Amino acid sequence: MKALIENIAAGVPPVLTAEAASRSRDGGLGLFLAGIGILAFLLAALVLLISLRRRHRLNLFYALLAVLAAGAAMCLCLVAGSLGTVVAQPTGDPQEAVTGFFDALCAGDYEGSCAYLDGVTDLGLSGQPSDPVGQAMFAALRESYAYELSGSCAQDQLSARQEVRFTYLDLTAIAPDVEEATMEVLDGFVKERPRAQVYDEDNHYLPQVAQEAYAAAVDQVLARAGDYYVTDSLQLDLRYVDGVWLLAPQAALLKAVTGGAA
């Protein structure tokens with residue numbers, strides 16, 4: 001009865017307590033039997049060495065060292081098995097790697113943001129597009145970046161997970177509207193300009209005219225870029241690598257960073 005009351009007070013069911021005790025006894029018995037087996041091996045090896053030394057003039061000193069080394073290795077394996085898995089204690093806050101990455105990204109420091117990624121040295125954002133239209137779209141994408149942490153960072157030994165709400169310009173969503181706006185601009189050119197300034201001899205739009213219309217359409221669409229902002233909830237995984245926390249380069253993250261183009 002006393003044992004039952006003590007178990008209830010401790011919040012441990014008696015059956016579980018008995019099971020734990022049984023496991024402890026079984027584990028101790030196993031270690032004891034394994035130790036006896038190692039000792040028996042050493043004694044048998046010693047007897048064998050003495051017998052071989054008499055018959056074959058074996059160097060007893062080196063042979064004895066080999067036996068002792070084998071016994072020590074077996075003891076080490078026995079002790080290691082009873083200790084369970086040993087995990088290094090990571091230092092630092094994994095959440096700081098998340099904020100460091102996004103702060104650098106939003107500031108346009110793409111090399112600095114890559115320092116927080118595991119195995120990634122280039123996000124594909126470092127070089128500026130050569131044409132004005134590409135530069136305008138790239139600038140709009142950079143300006144759209146925003147983020148906020150959602151909840152706390154869950155850490156499990158050498159891994160962690162953090163949810164982030166990330167806002168960006170969805171470049172794939174503006175494509176249909178840019179195409180439609182380009183056709184409208186071209187229709188305006190046809191009405192306003194002489195035919196020779198719009199079409200070539202094969203009745204196709206002149207390349208420079210088509211490019212001009214496309215650039216004007218992109219400007220029109222980007223003037224309301226906020227209509228194409230998307231906010232995704234990203235589940236980001238982190239790893240503890242060489243003493244630092246790094247973000248895993250997940251496809252969803254890289255796709256969002258590139259405006260849905262990756």
# chains A, B, ... in the order shown; residues from 1 in each chain; ligands from 1
call {"tool": "residues_around", "arguments": {"residues": "range 209-214 of chain A", "least_positions_apart": "5", "cutoff": "7 Å", "atoms": "only C-alpha atoms", "output": "PDB file with N, CA, C and O atoms, in the first residue's frame"}}
result
ATOM      1  N   THR A 182       0.304  44.518 -73.666  1.00  0.00           N
ATOM      2  CA  THR A 182       1.143  44.718 -74.848  1.00  0.00           C
ATOM      3  C   THR A 182       0.296  44.818 -76.106  1.00  0.00           C
ATOM      4  O   THR A 182       0.538  45.690 -76.972  1.00  0.00           O
ATOM      5  N   VAL A 185      -1.385  48.212 -76.228  1.00  0.00           N
ATOM      6  CA  VAL A 185      -0.454  49.273 -76.625  1.00  0.00           C
ATOM      7  C   VAL A 185      -0.199  49.217 -78.124  1.00  0.00           C
ATOM      8  O   VAL A 185      -0.155  50.258 -78.815  1.00  0.00           O
ATOM      9  N   LEU A 186      -0.027  48.017 -78.676  1.00  0.00           N
ATOM     10  CA  LEU A 186       0.196  47.874 -80.110  1.00  0.00           C
ATOM     11  C   LEU A 186      -1.006  48.369 -80.907  1.00  0.00           C
ATOM     12  O   LEU A 186      -0.852  49.015 -81.970  1.00  0.00           O
ATOM     13  N   VAL A 198       4.913  50.918 -88.070  1.00  0.00           N
ATOM     14  CA  VAL A 198       4.445  49.834 -87.189  1.00  0.00           C
ATOM     15  C   VAL A 198       4.742  48.458 -87.776  1.00  0.00           C
ATOM     16  O   VAL A 198       5.196  47.554 -87.055  1.00  0.00           O
TER      17      VAL A 198
END
call {"tool": "residues_around", "arguments": {"residues": "Leu254 in chain A", "least_positions_apart": "5", "cutoff": "12 Å", "atoms": "only C-alpha atoms", "output": "mmCIF file with all heavy atoms, in the first residue's frame"}}
result
data_model
loop_
_atom_site.group_PDB
_atom_site.id
_atom_site.type_symbol
_atom_site.label_atom_id
_atom_site.label_comp_id
_atom_site.auth_asym_id
_atom_site.auth_seq_id
_atom_site.Cartn_x
_atom_site.Cartn_y
_atom_site.Cartn_z
ATOM 1 N N LEU A 105 18.486 39.441 -47.243
ATOM 2 C CA LEU A 105 17.753 39.378 -48.506
ATOM 3 C C LEU A 105 16.984 40.669 -48.765
ATOM 4 O O LEU A 105 17.043 41.235 -49.866
ATOM 5 C CB LEU A 105 16.791 38.190 -48.482
ATOM 6 C CG LEU A 105 15.910 37.994 -49.718
ATOM 7 C CD1 LEU A 105 16.766 37.552 -50.902
ATOM 8 C CD2 LEU A 105 14.820 36.955 -49.440
ATOM 9 N N CYS A 114 23.292 34.283 -48.566
ATOM 10 C CA CYS A 114 23.734 32.922 -48.885
ATOM 11 C C CYS A 114 24.577 32.333 -47.759
ATOM 12 O O CYS A 114 24.690 31.108 -47.643
ATOM 13 C CB CYS A 114 24.532 32.919 -50.185
ATOM 14 S SG CYS A 114 23.523 33.109 -51.666
ATOM 15 N N LEU A 117 22.686 29.869 -45.784
ATOM 16 C CA LEU A 117 22.136 28.705 -46.469
ATOM 17 C C LEU A 117 23.162 27.588 -46.514
ATOM 18 O O LEU A 117 24.359 27.832 -46.691
ATOM 19 C CB LEU A 117 21.720 29.070 -47.898
ATOM 20 C CG LEU A 117 20.517 29.994 -48.042
ATOM 21 C CD1 LEU A 117 20.323 30.383 -49.506
ATOM 22 C CD2 LEU A 117 19.243 29.336 -47.514
ATOM 23 N N VAL A 120 24.545 26.607 -50.573
ATOM 24 C CA VAL A 120 24.124 27.520 -51.648
ATOM 25 C C VAL A 120 24.995 28.766 -51.608
ATOM 26 O O VAL A 120 25.116 29.414 -50.574
ATOM 27 C CB VAL A 120 22.641 27.916 -51.501
ATOM 28 C CG1 VAL A 120 22.249 28.934 -52.567
ATOM 29 C CG2 VAL A 120 21.751 26.688 -51.611
ATOM 30 N N ASP A 122 24.798 31.058 -54.433
ATOM 31 C CA ASP A 122 24.218 32.051 -55.344
ATOM 32 C C ASP A 122 22.721 31.816 -55.448
ATOM 33 O O ASP A 122 22.274 30.720 -55.789
ATOM 34 C CB ASP A 122 24.876 31.950 -56.716
ATOM 35 C CG ASP A 122 24.412 33.045 -57.672
ATOM 36 O OD1 ASP A 122 23.741 34.004 -57.198
ATOM 37 O OD2 ASP A 122 24.699 32.950 -58.877
ATOM 38 N N LEU A 123 21.952 32.847 -55.173
ATOM 39 C CA LEU A 123 20.498 32.768 -55.273
ATOM 40 C C LEU A 123 19.993 33.113 -56.675
ATOM 41 O O LEU A 123 18.796 33.051 -56.937
ATOM 42 C CB LEU A 123 19.846 33.721 -54.264
ATOM 43 C CG LEU A 123 19.942 33.325 -52.795
ATOM 44 C CD1 LEU A 123 19.457 34.470 -51.907
ATOM 45 C CD2 LEU A 123 19.136 32.067 -52.520
ATOM 46 N N GLY A 124 20.906 33.512 -57.552
ATOM 47 C CA GLY A 124 20.495 33.933 -58.886
ATOM 48 C C GLY A 124 19.998 35.358 -58.925
ATOM 49 O O GLY A 124 19.347 35.765 -59.893
ATOM 50 N N LEU A 125 20.298 36.137 -57.889
ATOM 51 C CA LEU A 125 19.818 37.518 -57.811
ATOM 52 C C LEU A 125 20.948 38.539 -57.868
ATOM 53 O O LEU A 125 20.684 39.748 -57.839
ATOM 54 C CB LEU A 125 19.032 37.725 -56.503
ATOM 55 C CG LEU A 125 17.830 36.804 -56.282
ATOM 56 C CD1 LEU A 125 17.280 36.997 -54.869
ATOM 57 C CD2 LEU A 125 16.739 37.090 -57.310
ATOM 58 N N PHE A 166 6.319 34.923 -45.800
ATOM 59 C CA PHE A 166 7.172 35.682 -46.706
ATOM 60 C C PHE A 166 6.339 36.250 -47.844
ATOM 61 O O PHE A 166 5.572 35.548 -48.493
ATOM 62 C CB PHE A 166 8.273 34.777 -47.265
ATOM 63 C CG PHE A 166 9.214 35.473 -48.201
ATOM 64 C CD1 PHE A 166 9.958 36.564 -47.780
ATOM 65 C CD2 PHE A 166 9.360 35.044 -49.514
ATOM 66 C CE1 PHE A 166 10.830 37.208 -48.640
ATOM 67 C CE2 PHE A 166 10.227 35.671 -50.380
ATOM 68 C CZ PHE A 166 10.968 36.761 -49.941
ATOM 69 N N TYR A 168 6.232 38.363 -51.503
ATOM 70 C CA TYR A 168 7.040 38.633 -52.687
ATOM 71 C C TYR A 168 6.138 38.908 -53.890
ATOM 72 O O TYR A 168 4.943 38.590 -53.876
ATOM 73 C CB TYR A 168 7.959 37.440 -52.996
ATOM 74 C CG TYR A 168 7.210 36.158 -53.313
ATOM 75 C CD1 TYR A 168 6.922 35.788 -54.620
ATOM 76 C CD2 TYR A 168 6.793 35.304 -52.293
ATOM 77 C CE1 TYR A 168 6.237 34.621 -54.916
ATOM 78 C CE2 TYR A 168 6.104 34.134 -52.572
ATOM 79 C CZ TYR A 168 5.835 33.795 -53.882
ATOM 80 O OH TYR A 168 5.151 32.640 -54.162
ATOM 81 N N LEU A 234 6.020 29.547 -45.138
ATOM 82 C CA LEU A 234 7.122 28.626 -45.411
ATOM 83 C C LEU A 234 7.560 27.914 -44.136
ATOM 84 O O LEU A 234 7.819 28.564 -43.120
ATOM 85 C CB LEU A 234 8.318 29.385 -46.003
ATOM 86 C CG LEU A 234 8.050 30.205 -47.270
ATOM 87 C CD1 LEU A 234 9.290 30.987 -47.657
ATOM 88 C CD2 LEU A 234 7.609 29.288 -48.410
ATOM 89 N N LEU A 236 10.510 26.285 -42.685
ATOM 90 C CA LEU A 236 11.935 26.253 -42.965
ATOM 91 C C LEU A 236 12.661 25.305 -42.007
ATOM 92 O O LEU A 236 12.468 25.371 -40.796
ATOM 93 C CB LEU A 236 12.525 27.658 -42.847
ATOM 94 C CG LEU A 236 11.873 28.723 -43.743
ATOM 95 C CD1 LEU A 236 12.541 30.068 -43.527
ATOM 96 C CD2 LEU A 236 11.955 28.313 -45.202
ATOM 97 N N LEU A 247 20.201 27.342 -42.905
ATOM 98 C CA LEU A 247 18.912 27.010 -43.495
ATOM 99 C C LEU A 247 19.087 25.977 -44.603
ATOM 100 O O LEU A 247 20.013 26.082 -45.413
ATOM 101 C CB LEU A 247 18.252 28.260 -44.090
ATOM 102 C CG LEU A 247 17.603 29.238 -43.121
ATOM 103 C CD1 LEU A 247 17.386 30.579 -43.799
ATOM 104 C CD2 LEU A 247 16.266 28.687 -42.646
ATOM 105 N N ALA A 248 18.199 25.003 -44.644
ATOM 106 C CA ALA A 248 18.201 24.044 -45.743
ATOM 107 C C ALA A 248 17.624 24.737 -46.990
ATOM 108 O O ALA A 248 16.605 25.421 -46.901
ATOM 109 C CB ALA A 248 17.355 22.820 -45.384
ATOM 110 N N PRO A 249 18.271 24.582 -48.151
ATOM 111 C CA PRO A 249 17.794 25.258 -49.373
ATOM 112 C C PRO A 249 16.578 24.548 -49.960
ATOM 113 O O PRO A 249 16.660 23.833 -50.956
ATOM 114 C CB PRO A 249 19.016 25.160 -50.299
ATOM 115 C CG PRO A 249 19.723 23.918 -49.861
ATOM 116 C CD PRO A 249 19.517 23.822 -48.371
ATOM 117 N N GLY A 259 10.556 35.014 -57.046
ATOM 118 C CA GLY A 259 9.275 35.485 -57.549
ATOM 119 C C GLY A 259 8.447 34.425 -58.221
ATOM 120 O O GLY A 259 7.636 34.718 -59.112
ATOM 121 N N GLY A 260 8.640 33.175 -57.828
ATOM 122 C CA GLY A 260 7.877 32.073 -58.420
ATOM 123 C C GLY A 260 8.481 31.541 -59.691
ATOM 124 O O GLY A 260 7.913 30.656 -60.321
ATOM 125 N N ALA A 261 9.652 32.052 -60.077
ATOM 126 C CA ALA A 261 10.262 31.640 -61.341
ATOM 127 C C ALA A 261 11.087 30.380 -61.221
ATOM 128 O O ALA A 261 11.353 29.715 -62.222
ATOM 129 C CB ALA A 261 11.134 32.772 -61.899
ATOM 130 N N ALA A 262 11.553 30.026 -60.027
ATOM 131 C CA ALA A 262 12.454 28.862 -59.865
ATOM 132 C C ALA A 262 11.687 27.564 -60.031
ATOM 133 O O ALA A 262 10.516 27.486 -59.701
ATOM 134 C CB ALA A 262 13.105 28.915 -58.487
#
call {"tool": "atom_distance", "arguments": {"atom1": "CA of Leu238 in chain A", "atom2": "CA of Thr167 in chain A"}}
result
20.4 Å
call {"tool": "residues_around", "arguments": {"residues": "range 240-244 of chain A", "least_positions_apart": "4", "cutoff": "12 Å", "atoms": "only C-alpha atoms", "output": "VMD selection string"}}
result
chain A and resid 87 to 97 115 to 119 155 to 161 248
call {"tool": "atom_distance", "arguments": {"atom1": "CA of Lys255 in chain A", "atom2": "CA of Ser126 in chain A"}}
result
15.7 Å
call {"tool": "atom_distance", "arguments": {"atom1": "CA of Ala256 in chain A", "atom2": "CA of Arg142 in chain A"}}
result
11.6 Å
call {"tool": "select_by_dssp", "arguments": {"residues": "range 62-252 of chain A", "states": "alpha helix (DSSP H)", "output": "VMD selection string"}}
result
chain A and resid 62 to 83 94 to 106 110 to 114 132 to 144 171 to 192 207 to 222 251 to 252
call {"tool": "select_by_dssp", "arguments": {"residues": "range 58-219 of chain A", "states": "strand (DSSP E)", "output": "list in words"}}
result
Ala146, Tyr147, Glu148, Leu149, Ser150, Gly151, Ser152, Cys153, Ala154, Gln155, Asp156, Ser159, Ala160, Arg161, Gln162, Glu163, Val164, Arg165, Phe166, Thr167, Tyr168 and Leu169 of chain A
call {"tool": "write_last_selection", "arguments": {"atoms": "N, CA and C atoms", "output": "mmCIF file, in the first residue's frame"}}
result
data_model
loop_
_atom_site.group_PDB
_atom_site.id
_atom_site.type_symbol
_atom_site.label_atom_id
_atom_site.label_comp_id
_atom_site.auth_asym_id
_atom_site.auth_seq_id
_atom_site.Cartn_x
_atom_site.Cartn_y
_atom_site.Cartn_z
ATOM 1 N N ALA A 146 9.213 41.030 -47.964
ATOM 2 C CA ALA A 146 8.887 41.303 -46.563
ATOM 3 C C ALA A 146 8.657 39.963 -45.874
ATOM 4 N N TYR A 147 8.901 39.937 -44.561
ATOM 5 C CA TYR A 147 8.716 38.668 -43.851
ATOM 6 C C TYR A 147 8.357 38.933 -42.398
ATOM 7 N N GLU A 148 7.777 37.911 -41.789
ATOM 8 C CA GLU A 148 7.548 37.914 -40.342
ATOM 9 C C GLU A 148 7.589 36.472 -39.841
ATOM 10 N N LEU A 149 8.150 36.301 -38.658
ATOM 11 C CA LEU A 149 8.216 34.980 -38.052
ATOM 12 C C LEU A 149 6.839 34.589 -37.537
ATOM 13 N N SER A 150 6.521 33.338 -37.683
ATOM 14 C CA SER A 150 5.242 32.825 -37.206
ATOM 15 C C SER A 150 5.511 31.770 -36.139
ATOM 16 N N GLY A 151 5.291 32.139 -34.890
ATOM 17 C CA GLY A 151 5.543 31.213 -33.799
ATOM 18 C C GLY A 151 7.016 31.151 -33.442
ATOM 19 N N SER A 152 7.329 30.267 -32.531
ATOM 20 C CA SER A 152 8.702 30.114 -32.067
ATOM 21 C C SER A 152 9.425 29.065 -32.895
ATOM 22 N N CYS A 153 10.720 29.003 -32.698
ATOM 23 C CA CYS A 153 11.554 28.048 -33.430
ATOM 24 C C CYS A 153 11.620 26.744 -32.632
ATOM 25 N N ALA A 154 11.242 25.644 -33.267
ATOM 26 C CA ALA A 154 11.260 24.334 -32.612
ATOM 27 C C ALA A 154 12.595 23.660 -32.882
ATOM 28 N N GLN A 155 13.332 23.376 -31.819
ATOM 29 C CA GLN A 155 14.665 22.783 -31.959
ATOM 30 C C GLN A 155 14.658 21.354 -31.430
ATOM 31 N N ASP A 156 15.290 20.450 -32.185
ATOM 32 C CA ASP A 156 15.427 19.054 -31.780
ATOM 33 C C ASP A 156 16.869 18.637 -32.040
ATOM 34 N N SER A 159 18.819 19.790 -35.288
ATOM 35 C CA SER A 159 17.920 20.301 -36.321
ATOM 36 C C SER A 159 16.887 21.224 -35.678
ATOM 37 N N ALA A 160 16.287 22.068 -36.501
ATOM 38 C CA ALA A 160 15.282 23.006 -36.004
ATOM 39 C C ALA A 160 14.317 23.340 -37.133
ATOM 40 N N ARG A 161 13.188 23.924 -36.769
ATOM 41 C CA ARG A 161 12.181 24.314 -37.768
ATOM 42 C C ARG A 161 11.533 25.621 -37.340
ATOM 43 N N GLN A 162 11.368 26.501 -38.331
ATOM 44 C CA GLN A 162 10.760 27.808 -38.092
ATOM 45 C C GLN A 162 9.783 28.129 -39.216
ATOM 46 N N GLU A 163 8.587 28.549 -38.864
ATOM 47 C CA GLU A 163 7.607 28.976 -39.862
ATOM 48 C C GLU A 163 7.757 30.466 -40.107
ATOM 49 N N VAL A 164 7.753 30.858 -41.375
ATOM 50 C CA VAL A 164 7.922 32.255 -41.768
ATOM 51 C C VAL A 164 6.862 32.606 -42.805
ATOM 52 N N ARG A 165 6.272 33.780 -42.655
ATOM 53 C CA ARG A 165 5.354 34.299 -43.668
ATOM 54 C C ARG A 165 6.144 35.284 -44.533
ATOM 55 N N PHE A 166 6.319 34.923 -45.800
ATOM 56 C CA PHE A 166 7.172 35.682 -46.706
ATOM 57 C C PHE A 166 6.339 36.250 -47.844
ATOM 58 N N THR A 167 6.496 37.548 -48.072
ATOM 59 C CA THR A 167 5.763 38.254 -49.119
ATOM 60 C C THR A 167 6.703 38.588 -50.268
ATOM 61 N N TYR A 168 6.232 38.363 -51.503
ATOM 62 C CA TYR A 168 7.040 38.633 -52.687
ATOM 63 C C TYR A 168 6.138 38.908 -53.890
ATOM 64 N N LEU A 169 6.722 39.485 -54.922
ATOM 65 C CA LEU A 169 6.004 39.749 -56.176
ATOM 66 C C LEU A 169 5.997 38.473 -57.009
#
